[in-house]
Amino acid sequence: MTARRLPPSADPIEPGEAGALSILVDGRPLDGLRGQTIAGVLLASGELAWRRTSVAGAPRGLFCGIGVCFDCIVTVNGERDIRACQRRAVDGDLVEIQHDELPELPGLPELPANGGARS
């Protein structure tokens with residue numbers, strides 16, 4: 001039986017060529033490395049939260065890191081609802097922080113300032 005092992009040079013998991021990249025987040029330039037996700041670039045620049053919840057305004061950023069929770073959504077190059085933990089940053093990406101207010105619905109009572117959270 002012949003070996004079916006790939007030589008290291010053909011390994012698809014092998015890291016690509018290293019290098020720097022720059023993205024714009026709400027007009028601010030942030031530097032990162034090729035292979036980093038947008039969340040990775042944000043975290044490396046010291047950003048722990050980059051959006052707020054619609055009801056209580058609570059800070060949100062990276063929570064699960066595997067694309068399940070959607071807490072890290074951003075707009076990338078005009079495309080909304082991109083999970084920053086899943087999208088690799090590309091040099092020149094234009095990232096916008098998403099924060100959508102909930103629409104006013106007639107007949108519903110106002111929520112308290114803390115969004116109804118209990119202390």
# chains A, B, ... in the order shown; residues from 1 in each chain; ligands from 1
>>> residues_around(residues="Arg52 (chain A)", least_positions_apart="6", cutoff="9 Å", atoms="only C-alpha atoms", output="ChimeraX atom specification")
/A:58-61,98-100
>>> write_last_selection(atoms="N, CA and C atoms", output="compact mmCIF listing (two decimals), in the first residue's frame")
# COMPACT_ATOMS: atom_id res chain seq x y z
N ALA A 58 -26.44 47.56 25.72
CA ALA A 58 -25.33 46.84 26.34
C ALA A 58 -24.23 46.58 25.31
N PRO A 59 -22.96 46.69 25.72
CA PRO A 59 -21.87 46.48 24.77
C PRO A 59 -21.78 45.02 24.32
N ARG A 60 -21.44 44.85 23.05
CA ARG A 60 -21.26 43.52 22.47
C ARG A 60 -20.02 43.52 21.59
N GLY A 61 -19.36 42.38 21.56
CA GLY A 61 -18.19 42.19 20.71
C GLY A 61 -18.07 40.71 20.43
N GLN A 98 -22.37 48.09 13.28
CA GLN A 98 -23.82 48.06 13.15
C GLN A 98 -24.48 48.33 14.48
N HIS A 99 -25.45 49.21 14.46
CA HIS A 99 -26.31 49.42 15.63
C HIS A 99 -27.64 49.92 15.11
N ASP A 100 -28.62 49.07 15.17
CA ASP A 100 -29.95 49.43 14.69
C ASP A 100 -30.89 49.58 15.87
>>> residues_around(residues="region 71-82 of chain A", least_positions_apart="3", cutoff="7 Å", atoms="only C-alpha atoms", output="list of chain:residue names")
A:Arg60, A:Gly61, A:Leu62, A:Phe63, A:Cys85, A:Asp93, A:Leu94, A:Val95, A:Glu96, A:Ile97, A:Gln98
>>> atom_distance(atom1="CA of Ile23 (chain A)", atom2="CA of Arg83 (chain A)")
15.7 Å
>>> closest_residue(among="A:Cys64, A:Leu48, A:Val90, A:Ala84", to="Gly32 (chain A)", atoms="only C-alpha atoms")
A:Val90
>>> atom_distance(atom1="CA of Pro103 (chain A)", atom2="CA of Ser54 (chain A)")
9.7 Å
>>> atom_distance(atom1="CA of Ala39 (chain A)", atom2="CA of Cys69 (chain A)")
13.6 Å
>>> select_by_dssp(residues="region 4-60 of chain A", states="strand (DSSP E or B)", output="VMD selection string")
chain A and resid 20 to 25 28 to 33 37 49 to 52 59 to 60
>>> closest_residue(among="A:Gly92, A:Gly46, A:Gly40, A:Pro29", to="Gly65 (chain A)", atoms="only C-alpha atoms")
A:Gly40
>>> residues_around(residues="Ser22 (chain A)", least_positions_apart="4", cutoff="6 Å", atoms="only C-alpha atoms", output="mmCIF file with N, CA and C atoms, in the first residue's frame")
data_model
loop_
_atom_site.group_PDB
_atom_site.id
_atom_site.type_symbol
_atom_site.label_atom_id
_atom_site.label_comp_id
_atom_site.auth_asym_id
_atom_site.auth_seq_id
_atom_site.Cartn_x
_atom_site.Cartn_y
_atom_site.Cartn_z
ATOM 1 N N LEU A 30 -7.060 50.489 11.034
ATOM 2 C CA LEU A 30 -6.553 49.504 11.988
ATOM 3 C C LEU A 30 -5.645 48.546 11.229
ATOM 4 N N ASP A 31 -4.507 48.232 11.818
ATOM 5 C CA ASP A 31 -3.556 47.327 11.185
ATOM 6 C C ASP A 31 -3.720 45.926 11.730
ATOM 7 N N ASP A 91 -6.946 43.253 3.110
ATOM 8 C CA ASP A 91 -6.391 44.602 3.029
ATOM 9 C C ASP A 91 -7.366 45.522 2.295
ATOM 10 N N GLY A 92 -7.705 46.645 2.922
ATOM 11 C CA GLY A 92 -8.601 47.616 2.319
ATOM 12 C C GLY A 92 -10.070 47.441 2.667
#
>>> closest_residue(among="A:Pro7, A:Trp50, A:Arg87, A:Ala56", to="Asp26 (chain A)", atoms="only C-alpha atoms")
A:Trp50
>>> select_by_dssp(residues="region 4-96 of chain A", states="helix (DSSP H, G or I)", output="NGL selection string")
:A and (8-10 or 38-44)
